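One file, data.pdb, carrying PDB, C-alpha atoms:
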```pdb
ATOM      1  CA  MET A  29       7.965 -59.390 -65.236  1.00  0.00           C
ATOM      2  CA  ALA A  30       4.526 -59.788 -63.647  1.00  0.00           C
ATOM      3  CA  ARG A  31       2.257 -56.824 -63.418  1.00  0.00           C
ATOM      4  CA  ILE A  32       0.851 -55.663 -60.079  1.00  0.00           C
ATOM      5  CA  LYS A  33      -2.842 -55.192 -60.067  1.00  0.00           C
ATOM      6  CA  PRO A  34      -4.203 -51.663 -59.431  1.00  0.00           C
ATOM      7  CA  GLN A  35      -6.132 -52.857 -56.359  1.00  0.00           C
ATOM      8  CA  ALA A  36      -2.932 -54.179 -54.779  1.00  0.00           C
ATOM      9  CA  LEU A  37      -1.122 -50.891 -55.487  1.00  0.00           C
ATOM     10  CA  LEU A  38      -3.911 -48.945 -53.761  1.00  0.00           C
ATOM     11  CA  GLN A  39      -3.677 -51.075 -50.626  1.00  0.00           C
ATOM     12  CA  GLN A  40       0.123 -50.641 -50.461  1.00  0.00           C
ATOM     13  CA  SER A  41      -0.250 -46.834 -50.816  1.00  0.00           C
ATOM     14  CA  LYS A  42      -2.715 -46.709 -47.895  1.00  0.00           C
ATOM     15  CA  LYS A  43      -0.348 -48.692 -45.712  1.00  0.00           C
ATOM     16  CA  LYS A  44       2.540 -46.272 -46.409  1.00  0.00           C
ATOM     17  CA  LYS A  45       0.469 -43.112 -45.714  1.00  0.00           C
ATOM     18  CA  GLY A  46      -0.996 -44.342 -42.415  1.00  0.00           C
ATOM     19  CA  PRO A  47       0.282 -42.743 -39.146  1.00  0.00           C
ATOM     20  CA  ALA A  48       3.018 -44.491 -37.219  1.00  0.00           C
ATOM     21  CA  ARG A  49       1.914 -46.128 -33.989  1.00  0.00           C
ATOM     22  CA  ILE A  50       3.246 -44.646 -30.609  1.00  0.00           C
ATOM     23  CA  SER A  51       4.383 -47.288 -28.230  1.00  0.00           C
ATOM     24  CA  ILE A  52       3.128 -47.481 -24.624  1.00  0.00           C
ATOM     25  CA  SER A  53       6.658 -47.015 -23.277  1.00  0.00           C
ATOM     26  CA  THR A  54       6.941 -43.671 -25.104  1.00  0.00           C
ATOM     27  CA  VAL A  55       3.655 -42.455 -23.575  1.00  0.00           C
ATOM     28  CA  ILE A  56       4.773 -43.472 -20.081  1.00  0.00           C
ATOM     29  CA  LEU A  57       8.157 -41.775 -20.517  1.00  0.00           C
ATOM     30  CA  PHE A  58       6.551 -38.542 -21.716  1.00  0.00           C
ATOM     31  CA  SER A  59       4.085 -38.597 -18.810  1.00  0.00           C
ATOM     32  CA  LEU A  60       6.959 -39.033 -16.337  1.00  0.00           C
ATOM     33  CA  ILE A  61       8.793 -36.063 -17.852  1.00  0.00           C
ATOM     34  CA  VAL A  62       5.683 -33.868 -17.502  1.00  0.00           C
ATOM     35  CA  VAL A  63       5.148 -34.987 -13.871  1.00  0.00           C
ATOM     36  CA  LEU A  64       8.800 -34.321 -13.006  1.00  0.00           C
ATOM     37  CA  ALA A  65       8.665 -30.861 -14.602  1.00  0.00           C
ATOM     38  CA  VAL A  66       5.504 -29.949 -12.669  1.00  0.00           C
ATOM     39  CA  PHE A  67       7.026 -31.295  -9.419  1.00  0.00           C
ATOM     40  CA  PHE A  68      10.218 -29.284  -9.981  1.00  0.00           C
ATOM     41  CA  LEU A  69       8.269 -26.069 -10.592  1.00  0.00           C
ATOM     42  CA  TYR A  70       6.143 -26.656  -7.476  1.00  0.00           C
ATOM     43  CA  THR A  71       9.122 -27.360  -5.202  1.00  0.00           C
ATOM     44  CA  THR A  72      10.957 -24.287  -6.553  1.00  0.00           C
ATOM     45  CA  TYR A  73       7.932 -22.083  -5.910  1.00  0.00           C
ATOM     46  CA  SER A  74       7.473 -23.503  -2.404  1.00  0.00           C
ATOM     47  CA  HIS A  75      11.150 -22.970  -1.580  1.00  0.00           C
ATOM     48  CA  TRP A  76      11.244 -19.317  -2.625  1.00  0.00           C
ATOM     49  CA  SER A  77       7.877 -18.453  -1.073  1.00  0.00           C
ATOM     50  CA  GLN A  78       8.967 -20.008   2.226  1.00  0.00           C
ATOM     51  CA  ARG A  79      12.284 -18.168   2.059  1.00  0.00           C
ATOM     52  CA  SER A  80      10.516 -14.848   1.462  1.00  0.00           C
ATOM     53  CA  ARG A  81       8.182 -15.519   4.382  1.00  0.00           C
ATOM     54  CA  ILE A  82      11.129 -16.277   6.676  1.00  0.00           C
ATOM     55  CA  GLN A  83      12.903 -13.066   5.619  1.00  0.00           C
ATOM     56  CA  ILE A  84       9.773 -11.010   6.347  1.00  0.00           C
ATOM     57  CA  GLU A  85       9.396 -12.653   9.762  1.00  0.00           C
ATOM     58  CA  ASP A  86      13.067 -11.975  10.489  1.00  0.00           C
ATOM     59  CA  ARG A  87      12.627  -8.293   9.623  1.00  0.00           C
ATOM     60  CA  GLU A  88       9.532  -8.068  11.828  1.00  0.00           C
ATOM     61  CA  SER A  89      11.367  -9.742  14.699  1.00  0.00           C
ATOM     62  CA  VAL A  90      14.257  -7.277  14.282  1.00  0.00           C
ATOM     63  CA  PHE A  91      11.847  -4.330  14.371  1.00  0.00           C
ATOM     64  CA  LYS A  92      10.099  -5.761  17.424  1.00  0.00           C
ATOM     65  CA  GLY A  93      13.467  -6.346  19.012  1.00  0.00           C
ATOM     66  CA  ASP A  94      14.450  -2.726  18.388  1.00  0.00           C
ATOM     67  CA  ASP A  95      11.168  -1.498  19.867  1.00  0.00           C
ATOM     68  CA  SER A  96      11.533  -3.705  22.936  1.00  0.00           C
ATOM     69  CA  PHE A  97      15.118  -2.505  23.341  1.00  0.00           C
ATOM     70  CA  LEU A  98      13.999   1.128  23.196  1.00  0.00           C
ATOM     71  CA  ASP A  99      11.163   0.402  25.628  1.00  0.00           C
ATOM     72  CA  SER A 100      13.516  -1.333  28.046  1.00  0.00           C
ATOM     73  CA  LYS A 101      16.023   1.510  27.696  1.00  0.00           C
ATOM     74  CA  LYS A 102      13.277   4.045  28.441  1.00  0.00           C
ATOM     75  CA  SER A 103      12.081   2.057  31.452  1.00  0.00           C
ATOM     76  CA  ASP A 104      15.637   2.004  32.824  1.00  0.00           C
ATOM     77  CA  LEU A 105      15.723   5.802  32.965  1.00  0.00           C
ATOM     78  CA  PRO A 106      14.932   7.447  36.312  1.00  0.00           C
ATOM     79  CA  GLY A 107      11.290   8.431  36.496  1.00  0.00           C
ATOM     80  CA  TYR A 108      11.534  10.830  39.410  1.00  0.00           C
ATOM     81  CA  ALA A 109      13.690  13.745  40.558  1.00  0.00           C
ATOM     82  CA  VAL A 110      13.966  15.146  44.078  1.00  0.00           C
ATOM     83  CA  LEU A 111      14.940  18.825  44.266  1.00  0.00           C
ATOM     84  CA  ASP A 112      16.521  19.543  47.628  1.00  0.00           C
ATOM     85  CA  THR A 113      16.028  23.272  48.235  1.00  0.00           C
ATOM     86  CA  ALA A 114      16.714  25.668  51.069  1.00  0.00           C
ATOM     87  CA  LYS A 115      13.044  25.350  52.051  1.00  0.00           C
ATOM     88  CA  GLY A 116      12.764  21.568  51.751  1.00  0.00           C
ATOM     89  CA  SER A 117      12.440  18.774  49.181  1.00  0.00           C
ATOM     90  CA  ILE A 118      10.252  18.805  46.066  1.00  0.00           C
ATOM     91  CA  THR A 119       9.591  15.460  44.363  1.00  0.00           C
ATOM     92  CA  VAL A 120       8.789  15.554  40.653  1.00  0.00           C
ATOM     93  CA  GLU A 121       7.482  12.795  38.383  1.00  0.00           C
ATOM     94  CA  LEU A 122       9.092  13.035  34.935  1.00  0.00           C
ATOM     95  CA  PHE A 123       7.073  12.634  31.734  1.00  0.00           C
ATOM     96  CA  LYS A 124       9.423  10.237  29.929  1.00  0.00           C
ATOM     97  CA  ASP A 125       6.845   9.280  27.300  1.00  0.00           C
ATOM     98  CA  SER A 126       5.365  12.655  26.368  1.00  0.00           C
ATOM     99  CA  SER A 127       8.566  14.748  26.605  1.00  0.00           C
ATOM    100  CA  PRO A 128      11.453  12.285  26.071  1.00  0.00           C
ATOM    101  CA  GLU A 129      13.999  14.712  24.589  1.00  0.00           C
ATOM    102  CA  VAL A 130      13.619  17.315  27.333  1.00  0.00           C
ATOM    103  CA  VAL A 131      13.667  14.636  30.030  1.00  0.00           C
ATOM    104  CA  ASP A 132      16.881  13.190  28.569  1.00  0.00           C
ATOM    105  CA  GLN A 133      18.478  16.648  28.604  1.00  0.00           C
ATOM    106  CA  PHE A 134      17.299  17.256  32.178  1.00  0.00           C
ATOM    107  CA  LEU A 135      18.638  13.883  33.367  1.00  0.00           C
ATOM    108  CA  ASP A 136      21.992  14.520  31.709  1.00  0.00           C
ATOM    109  CA  LEU A 137      22.296  17.915  33.396  1.00  0.00           C
ATOM    110  CA  CYS A 138      21.314  16.437  36.756  1.00  0.00           C
ATOM    111  CA  GLN A 139      24.008  13.768  36.488  1.00  0.00           C
ATOM    112  CA  ARG A 140      26.560  16.492  35.774  1.00  0.00           C
ATOM    113  CA  GLY A 141      25.456  18.514  38.811  1.00  0.00           C
ATOM    114  CA  HIS A 142      24.236  21.371  36.647  1.00  0.00           C
ATOM    115  CA  PHE A 143      21.451  22.383  39.064  1.00  0.00           C
ATOM    116  CA  ASP A 144      23.498  22.165  42.261  1.00  0.00           C
ATOM    117  CA  GLY A 145      23.433  25.612  43.876  1.00  0.00           C
ATOM    118  CA  MET A 146      21.089  27.078  41.249  1.00  0.00           C
ATOM    119  CA  LEU A 147      18.965  29.981  42.535  1.00  0.00           C
ATOM    120  CA  PHE A 148      15.259  30.654  42.146  1.00  0.00           C
ATOM    121  CA  HIS A 149      15.814  34.049  40.583  1.00  0.00           C
ATOM    122  CA  HIS A 150      12.169  34.971  39.946  1.00  0.00           C
ATOM    123  CA  VAL A 151       9.082  34.313  42.025  1.00  0.00           C
ATOM    124  CA  ILE A 152       5.750  35.432  40.578  1.00  0.00           C
ATOM    125  CA  LYS A 153       2.916  34.773  42.996  1.00  0.00           C
ATOM    126  CA  HIS A 154      -0.025  32.809  41.615  1.00  0.00           C
ATOM    127  CA  TYR A 155       1.991  31.966  38.475  1.00  0.00           C
ATOM    128  CA  VAL A 156       5.442  30.383  38.714  1.00  0.00           C
ATOM    129  CA  ILE A 157       8.702  30.081  40.562  1.00  0.00           C
ATOM    130  CA  GLN A 158      11.669  30.161  38.207  1.00  0.00           C
ATOM    131  CA  ALA A 159      15.220  28.838  38.581  1.00  0.00           C
ATOM    132  CA  GLY A 160      17.962  28.850  35.989  1.00  0.00           C
ATOM    133  CA  ASP A 161      21.245  30.105  34.623  1.00  0.00           C
ATOM    134  CA  SER A 162      19.873  33.453  33.484  1.00  0.00           C
ATOM    135  CA  ASP A 163      18.373  36.265  35.570  1.00  0.00           C
ATOM    136  CA  LYS A 164      16.010  37.200  32.734  1.00  0.00           C
ATOM    137  CA  LEU A 165      12.307  36.489  32.990  1.00  0.00           C
ATOM    138  CA  GLY A 166      12.169  34.957  29.515  1.00  0.00           C
ATOM    139  CA  ALA A 167       9.013  32.871  29.159  1.00  0.00           C
ATOM    140  CA  ALA A 168       7.567  34.323  32.388  1.00  0.00           C
ATOM    141  CA  GLU A 169       7.745  37.942  31.241  1.00  0.00           C
ATOM    142  CA  ASP A 170       4.097  38.144  30.159  1.00  0.00           C
ATOM    143  CA  TRP A 171       2.951  36.657  33.449  1.00  0.00           C
ATOM    144  CA  THR A 172       4.348  39.607  35.408  1.00  0.00           C
ATOM    145  CA  LEU A 173       1.718  41.968  34.046  1.00  0.00           C
ATOM    146  CA  LYS A 174      -0.481  43.057  36.919  1.00  0.00           C
ATOM    147  CA  GLY A 175      -4.164  42.557  36.637  1.00  0.00           C
ATOM    148  CA  LYS A 176      -3.850  39.776  34.085  1.00  0.00           C
ATOM    149  CA  HIS A 177      -6.810  37.434  34.482  1.00  0.00           C
ATOM    150  CA  TYR A 178      -8.283  34.671  32.403  1.00  0.00           C
ATOM    151  CA  SER A 179     -11.991  34.111  32.006  1.00  0.00           C
ATOM    152  CA  GLN A 180     -11.604  30.563  30.737  1.00  0.00           C
ATOM    153  CA  LEU A 181      -9.012  28.089  31.922  1.00  0.00           C
ATOM    154  CA  ASP A 182      -7.988  25.144  29.792  1.00  0.00           C
ATOM    155  CA  THR A 183      -8.656  21.878  31.635  1.00  0.00           C
ATOM    156  CA  SER A 184      -5.639  20.137  30.085  1.00  0.00           C
ATOM    157  CA  VAL A 185      -3.298  18.445  32.554  1.00  0.00           C
ATOM    158  CA  LYS A 186      -0.481  20.645  31.262  1.00  0.00           C
ATOM    159  CA  HIS A 187      -2.319  23.705  32.561  1.00  0.00           C
ATOM    160  CA  GLU A 188      -2.636  22.557  36.151  1.00  0.00           C
ATOM    161  CA  ALA A 189      -0.650  23.957  39.029  1.00  0.00           C
ATOM    162  CA  PHE A 190       2.622  22.379  40.171  1.00  0.00           C
ATOM    163  CA  MET A 191       3.765  21.458  36.669  1.00  0.00           C
ATOM    164  CA  LEU A 192       7.501  21.381  35.870  1.00  0.00           C
ATOM    165  CA  GLY A 193       8.594  22.894  32.566  1.00  0.00           C
ATOM    166  CA  THR A 194      11.379  24.613  30.715  1.00  0.00           C
ATOM    167  CA  SER A 195      11.422  27.449  28.217  1.00  0.00           C
ATOM    168  CA  LYS A 196      10.880  26.559  24.575  1.00  0.00           C
ATOM    169  CA  THR A 197      13.459  29.187  23.625  1.00  0.00           C
ATOM    170  CA  LYS A 198      16.876  27.744  22.793  1.00  0.00           C
ATOM    171  CA  HIS A 199      19.574  29.010  25.128  1.00  0.00           C
ATOM    172  CA  GLU A 200      23.258  29.372  24.440  1.00  0.00           C
ATOM    173  CA  ASN A 201      25.944  27.551  26.416  1.00  0.00           C
ATOM    174  CA  GLY A 202      23.536  24.798  27.437  1.00  0.00           C
ATOM    175  CA  ALA A 203      21.469  27.007  29.768  1.00  0.00           C
ATOM    176  CA  PHE A 204      18.344  25.332  31.130  1.00  0.00           C
ATOM    177  CA  GLU A 205      15.481  27.139  32.886  1.00  0.00           C
ATOM    178  CA  LEU A 206      13.206  25.447  35.414  1.00  0.00           C
ATOM    179  CA  PHE A 207       9.656  26.661  35.950  1.00  0.00           C
ATOM    180  CA  ILE A 208       7.231  25.267  38.524  1.00  0.00           C
ATOM    181  CA  THR A 209       3.705  26.626  38.122  1.00  0.00           C
ATOM    182  CA  THR A 210       1.764  27.613  41.223  1.00  0.00           C
ATOM    183  CA  ALA A 211      -1.584  28.131  39.472  1.00  0.00           C
ATOM    184  CA  PRO A 212      -3.355  27.001  36.282  1.00  0.00           C
ATOM    185  CA  ILE A 213      -2.008  28.948  33.291  1.00  0.00           C
ATOM    186  CA  PRO A 214      -4.021  28.793  30.017  1.00  0.00           C
ATOM    187  CA  ASP A 215      -1.163  29.784  27.692  1.00  0.00           C
ATOM    188  CA  LEU A 216       1.370  27.499  29.349  1.00  0.00           C
ATOM    189  CA  ASN A 217       1.951  25.372  26.229  1.00  0.00           C
ATOM    190  CA  GLU A 218       2.853  28.481  24.245  1.00  0.00           C
ATOM    191  CA  LYS A 219       5.606  29.383  26.705  1.00  0.00           C
ATOM    192  CA  LEU A 220       6.967  26.157  28.149  1.00  0.00           C
ATOM    193  CA  THR A 221       7.657  22.526  27.396  1.00  0.00           C
ATOM    194  CA  VAL A 222       6.117  20.683  30.324  1.00  0.00           C
ATOM    195  CA  PHE A 223       8.102  17.570  31.282  1.00  0.00           C
ATOM    196  CA  GLY A 224       7.054  16.770  34.833  1.00  0.00           C
ATOM    197  CA  LYS A 225       4.704  17.315  37.750  1.00  0.00           C
ATOM    198  CA  VAL A 226       5.252  17.873  41.456  1.00  0.00           C
ATOM    199  CA  ILE A 227       3.812  14.889  43.352  1.00  0.00           C
ATOM    200  CA  LYS A 228       5.259  15.703  46.762  1.00  0.00           C
ATOM    201  CA  GLY A 229       6.383  18.972  48.299  1.00  0.00           C
ATOM    202  CA  GLU A 230       3.652  21.253  46.988  1.00  0.00           C
ATOM    203  CA  ASP A 231       3.829  23.042  50.366  1.00  0.00           C
ATOM    204  CA  ILE A 232       7.541  23.727  49.716  1.00  0.00           C
ATOM    205  CA  VAL A 233       6.674  25.250  46.330  1.00  0.00           C
ATOM    206  CA  GLN A 234       4.078  27.462  48.014  1.00  0.00           C
ATOM    207  CA  GLU A 235       6.569  28.440  50.716  1.00  0.00           C
ATOM    208  CA  ILE A 236       9.058  29.545  48.043  1.00  0.00           C
ATOM    209  CA  GLU A 237       6.214  31.397  46.331  1.00  0.00           C
ATOM    210  CA  GLU A 238       5.591  33.423  49.492  1.00  0.00           C
ATOM    211  CA  VAL A 239       9.126  34.862  49.829  1.00  0.00           C
ATOM    212  CA  ASP A 240       9.480  38.638  49.633  1.00  0.00           C
ATOM    213  CA  THR A 241      10.502  39.944  46.216  1.00  0.00           C
ATOM    214  CA  ASP A 242      11.490  43.290  44.755  1.00  0.00           C
ATOM    215  CA  GLU A 243       9.670  45.122  41.969  1.00  0.00           C
ATOM    216  CA  HIS A 244      11.396  42.841  39.448  1.00  0.00           C
ATOM    217  CA  TYR A 245      10.138  39.671  41.172  1.00  0.00           C
ATOM    218  CA  ARG A 246      13.585  38.746  42.432  1.00  0.00           C
ATOM    219  CA  PRO A 247      13.620  37.176  45.924  1.00  0.00           C
ATOM    220  CA  LYS A 248      15.129  39.485  48.542  1.00  0.00           C
ATOM    221  CA  SER A 249      16.606  36.474  50.326  1.00  0.00           C
ATOM    222  CA  SER A 250      18.191  33.796  48.133  1.00  0.00           C
ATOM    223  CA  VAL A 251      16.515  30.417  47.741  1.00  0.00           C
ATOM    224  CA  ALA A 252      18.652  27.785  46.034  1.00  0.00           C
ATOM    225  CA  ILE A 253      18.458  24.215  44.813  1.00  0.00           C
ATOM    226  CA  HIS A 254      21.159  22.407  46.774  1.00  0.00           C
ATOM    227  CA  ARG A 255      21.123  19.255  44.662  1.00  0.00           C
ATOM    228  CA  VAL A 256      18.898  17.089  42.478  1.00  0.00           C
ATOM    229  CA  THR A 257      18.617  13.365  43.225  1.00  0.00           C
ATOM    230  CA  LEU A 258      17.316  11.024  40.524  1.00  0.00           C
ATOM    231  CA  LYS A 259      15.246   7.979  41.468  1.00  0.00           C
ATOM    232  CA  GLN A 260      13.867   5.003  39.582  1.00  0.00           C
ATOM    233  CA  SER A 261      10.786   4.835  41.781  1.00  0.00           C
ATOM    234  CA  ILE A 262       9.291   6.436  44.861  1.00  0.00           C
TER
END
```
Output the structure of this file as structure tokens.
Amino acid sequence: MARIKPQALLQQSKKKKGPARISISTVILFSLIVVLAVFFLYTTYSHWSQRSRIQIEDRESVFKGDDSFLDSKKSDLPGYAVLDTAKGSITVELFKDSSPEVVDQFLDLCQRGHFDGMLFHHVIKHYVIQAGDSDKLGAAEDWTLKGKHYSQLDTSVKHEAFMLGTSKTKHENGAFELFITTAPIPDLNEKLTVFGKVIKGEDIVQEIEEVDTDEHYRPKSSVAIHRVTLKQSI
């Protein structure tokens, strides 16, 4: 048997230990797999981000829709009330935006005829005329004190004359007091919730204010609200 030379053995050992060659087709296939994986991740991310954006827009549109519905509902409510009294008519603009809950209660009572035949049971000159279910002064009690003067008058619109308000005190059995101011009253906000203003018929308010009263500020001759008519516009 022939011997293999050491130099030939060394060359064969180098050939065996050398790295295997990677074919071009393998490189291309691997590159395609990487590209497909990146493309899949990108499309998945785009899909979910777009879906989240659509859901957010849907929620915003729902909220805007609710707001527009509430705004349209508020605009559908009557904005004016005409009080037909024994002395004549008093037209009041209602503050639907600043006093919505009280206005809603007032409108509901008007539609049920709650104020039909209601008497002005207290008339306090240079302060208020008061109508309601109770013959108590309530919020107007402090204003009956003689000689009460104010050195500084608040210039807020809610302190002007001819404002329509109701007592902040909760009444039983759904009682509702109506106050129409006949002069600026600085502590008005402490006593009343103002929800409207007389825009026509100020002379009727003043005529009611001038009726004769007893020592308890009750009119000697009755003055009543015959009915209240609600109007969308004037």
Exercise for review: Would you mind reading off the distance between CA of Phe134 in chain A and CA of Thr210 in chain A, one decimal, in Å?
Suggested key: 20.7 Å
Practice item. Find the residues around Ser117 in chain A up to 10 Å (only C-alpha atoms counted), leave out those fewer than 3 positions away in its own chain, and share them as a list in words. Key: Val110, Leu111, Asp112, Thr113, Ala114, Val120, Lys228, Gly229, Glu230, Asp231, Ile232, Val233, Ile253, His254, Arg255 and Val256 of chain A
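For the residues A:Asp215, A:Asp242, A:Glu205, A:Asp144, ranking by smallest atom-to-atom distance to Asp161 in chain A using all atoms listed in the file places A:Glu205 first.
Across the structure, CA of Leu135 in chain A and CA of Tyr155 in chain A are spaced 25.1 Å apart.
From CA of Leu206 in chain A back to CA of Asp125 in chain A, the distance works out to 19.2 Å.
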Review point. If I put a ball of radius 8 Å at (9.2, 7.4, 30.9) in the file's coordinates, which residues poke into it when counting only C-alpha atoms, written as a list of chain:residue names?
Key: A:Lys102, A:Ser103, A:Leu105, A:Pro106, A:Gly107, A:Leu122, A:Phe123, A:Lys124, A:Asp125, A:Ser126, A:Pro128
**Study point:** Near-Pro247 in chain A list (10 Å; only C-alpha atoms; drop same-chain fewer than 5 positions) as a ChimeraX atom specification
**Key:** /A:147-152,236-242
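For the choices A:Trp76, A:Phe223, A:Phe67, A:Tyr245, the atom-to-atom distance to Ile157 in chain A is smallest for A:Tyr245 when using all atoms listed in the file.
Remark: for Thr257 in chain A, the closest of the candidate residues A:Val63, A:Lys115, A:Tyr73, A:Gly141 is A:Gly141 (distances computed over all atoms listed in the file).
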What's around Val156 in chain A at 10 Å? Count only C-alpha atoms, leave out sequence neighbours fewer than 5 positions away in its own chain, and write the answer as a JSON list (two decimals) with C-alpha atoms, in the frame of the given file.
```json
[["chain", "number", "residue", "atom", "x", "y", "z"],
["A", 150, "HIS", "CA", 12.17, 34.97, 39.95],
["A", 151, "VAL", "CA", 9.08, 34.31, 42.02],
["A", 168, "ALA", "CA", 7.57, 34.32, 32.39],
["A", 171, "TRP", "CA", 2.95, 36.66, 33.45],
["A", 172, "THR", "CA", 4.35, 39.61, 35.41],
["A", 189, "ALA", "CA", -0.65, 23.96, 39.03],
["A", 190, "PHE", "CA", 2.62, 22.38, 40.17],
["A", 191, "MET", "CA", 3.76, 21.46, 36.67],
["A", 192, "LEU", "CA", 7.50, 21.38, 35.87],
["A", 206, "LEU", "CA", 13.21, 25.45, 35.41],
["A", 207, "PHE", "CA", 9.66, 26.66, 35.95],
["A", 208, "ILE", "CA", 7.23, 25.27, 38.52],
["A", 209, "THR", "CA", 3.70, 26.63, 38.12],
["A", 210, "THR", "CA", 1.76, 27.61, 41.22],
["A", 211, "ALA", "CA", -1.58, 28.13, 39.47],
["A", 212, "PRO", "CA", -3.36, 27.00, 36.28],
["A", 213, "ILE", "CA", -2.01, 28.95, 33.29],
["A", 233, "VAL", "CA", 6.67, 25.25, 46.33],
["A", 234, "GLN", "CA", 4.08, 27.46, 48.01],
["A", 237, "GLU", "CA", 6.21, 31.40, 46.33]]
```
Quick one: range 110-132 of chain A with N, CA and C atoms, as a PDB file, in the frame of the given file?
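See result_10.pdb below for the written result:
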```pdb
ATOM      1  N   VAL A 110      14.204  14.468  42.803  1.00  0.00           N
ATOM      2  CA  VAL A 110      13.966  15.146  44.078  1.00  0.00           C
ATOM      3  C   VAL A 110      14.850  16.383  44.136  1.00  0.00           C
ATOM      4  N   LEU A 111      14.209  17.560  44.181  1.00  0.00           N
ATOM      5  CA  LEU A 111      14.940  18.825  44.266  1.00  0.00           C
ATOM      6  C   LEU A 111      15.068  19.211  45.734  1.00  0.00           C
ATOM      7  N   ASP A 112      16.274  19.127  46.249  1.00  0.00           N
ATOM      8  CA  ASP A 112      16.521  19.543  47.628  1.00  0.00           C
ATOM      9  C   ASP A 112      16.809  21.038  47.635  1.00  0.00           C
ATOM     10  N   THR A 113      15.894  21.822  48.229  1.00  0.00           N
ATOM     11  CA  THR A 113      16.028  23.272  48.235  1.00  0.00           C
ATOM     12  C   THR A 113      16.279  23.767  49.658  1.00  0.00           C
ATOM     13  N   ALA A 114      16.497  25.063  49.757  1.00  0.00           N
ATOM     14  CA  ALA A 114      16.714  25.668  51.069  1.00  0.00           C
ATOM     15  C   ALA A 114      15.460  25.604  51.934  1.00  0.00           C
ATOM     16  N   LYS A 115      14.308  25.421  51.318  1.00  0.00           N
ATOM     17  CA  LYS A 115      13.044  25.350  52.051  1.00  0.00           C
ATOM     18  C   LYS A 115      12.583  23.920  52.304  1.00  0.00           C
ATOM     19  N   GLY A 116      13.176  22.957  51.617  1.00  0.00           N
ATOM     20  CA  GLY A 116      12.764  21.568  51.751  1.00  0.00           C
ATOM     21  C   GLY A 116      12.841  20.847  50.414  1.00  0.00           C
ATOM     22  N   SER A 117      12.337  19.611  50.377  1.00  0.00           N
ATOM     23  CA  SER A 117      12.440  18.774  49.181  1.00  0.00           C
ATOM     24  C   SER A 117      11.160  18.824  48.349  1.00  0.00           C
ATOM     25  N   ILE A 118      11.357  18.835  47.029  1.00  0.00           N
ATOM     26  CA  ILE A 118      10.252  18.805  46.066  1.00  0.00           C
ATOM     27  C   ILE A 118      10.447  17.589  45.169  1.00  0.00           C
ATOM     28  N   THR A 119       9.498  16.678  45.178  1.00  0.00           N
ATOM     29  CA  THR A 119       9.591  15.460  44.363  1.00  0.00           C
ATOM     30  C   THR A 119       8.772  15.635  43.089  1.00  0.00           C
ATOM     31  N   VAL A 120       9.415  15.345  41.966  1.00  0.00           N
ATOM     32  CA  VAL A 120       8.789  15.554  40.653  1.00  0.00           C
ATOM     33  C   VAL A 120       8.748  14.235  39.889  1.00  0.00           C
ATOM     34  N   GLU A 121       7.601  13.927  39.316  1.00  0.00           N
ATOM     35  CA  GLU A 121       7.482  12.795  38.383  1.00  0.00           C
ATOM     36  C   GLU A 121       7.776  13.299  36.984  1.00  0.00           C
ATOM     37  N   LEU A 122       8.677  12.600  36.265  1.00  0.00           N
ATOM     38  CA  LEU A 122       9.092  13.035  34.935  1.00  0.00           C
ATOM     39  C   LEU A 122       8.240  12.372  33.857  1.00  0.00           C
ATOM     40  N   PHE A 123       7.886  13.145  32.836  1.00  0.00           N
ATOM     41  CA  PHE A 123       7.073  12.634  31.734  1.00  0.00           C
ATOM     42  C   PHE A 123       7.994  12.053  30.655  1.00  0.00           C
ATOM     43  N   LYS A 124       8.472  10.840  30.865  1.00  0.00           N
ATOM     44  CA  LYS A 124       9.423  10.237  29.929  1.00  0.00           C
ATOM     45  C   LYS A 124       8.794   9.930  28.575  1.00  0.00           C
ATOM     46  N   ASP A 125       7.497   9.654  28.554  1.00  0.00           N
ATOM     47  CA  ASP A 125       6.845   9.280  27.300  1.00  0.00           C
ATOM     48  C   ASP A 125       6.432  10.492  26.474  1.00  0.00           C
ATOM     49  N   SER A 126       5.882  11.506  27.118  1.00  0.00           N
ATOM     50  CA  SER A 126       5.365  12.655  26.368  1.00  0.00           C
ATOM     51  C   SER A 126       6.430  13.697  26.046  1.00  0.00           C
ATOM     52  N   SER A 127       7.495  13.767  26.852  1.00  0.00           N
ATOM     53  CA  SER A 127       8.566  14.748  26.605  1.00  0.00           C
ATOM     54  C   SER A 127       9.934  14.084  26.722  1.00  0.00           C
ATOM     55  N   PRO A 128      10.219  13.068  25.897  1.00  0.00           N
ATOM     56  CA  PRO A 128      11.453  12.285  26.071  1.00  0.00           C
ATOM     57  C   PRO A 128      12.733  13.079  25.867  1.00  0.00           C
ATOM     58  N   GLU A 129      12.763  13.985  24.877  1.00  0.00           N
ATOM     59  CA  GLU A 129      13.999  14.712  24.589  1.00  0.00           C
ATOM     60  C   GLU A 129      14.359  15.666  25.724  1.00  0.00           C
ATOM     61  N   VAL A 130      13.360  16.379  26.241  1.00  0.00           N
ATOM     62  CA  VAL A 130      13.619  17.315  27.333  1.00  0.00           C
ATOM     63  C   VAL A 130      14.003  16.563  28.596  1.00  0.00           C
ATOM     64  N   VAL A 131      13.336  15.442  28.853  1.00  0.00           N
ATOM     65  CA  VAL A 131      13.667  14.636  30.030  1.00  0.00           C
ATOM     66  C   VAL A 131      15.098  14.123  29.935  1.00  0.00           C
ATOM     67  N   ASP A 132      15.501  13.657  28.748  1.00  0.00           N
ATOM     68  CA  ASP A 132      16.881  13.190  28.569  1.00  0.00           C
ATOM     69  C   ASP A 132      17.877  14.309  28.851  1.00  0.00           C
TER      70      ASP A 132
END
```
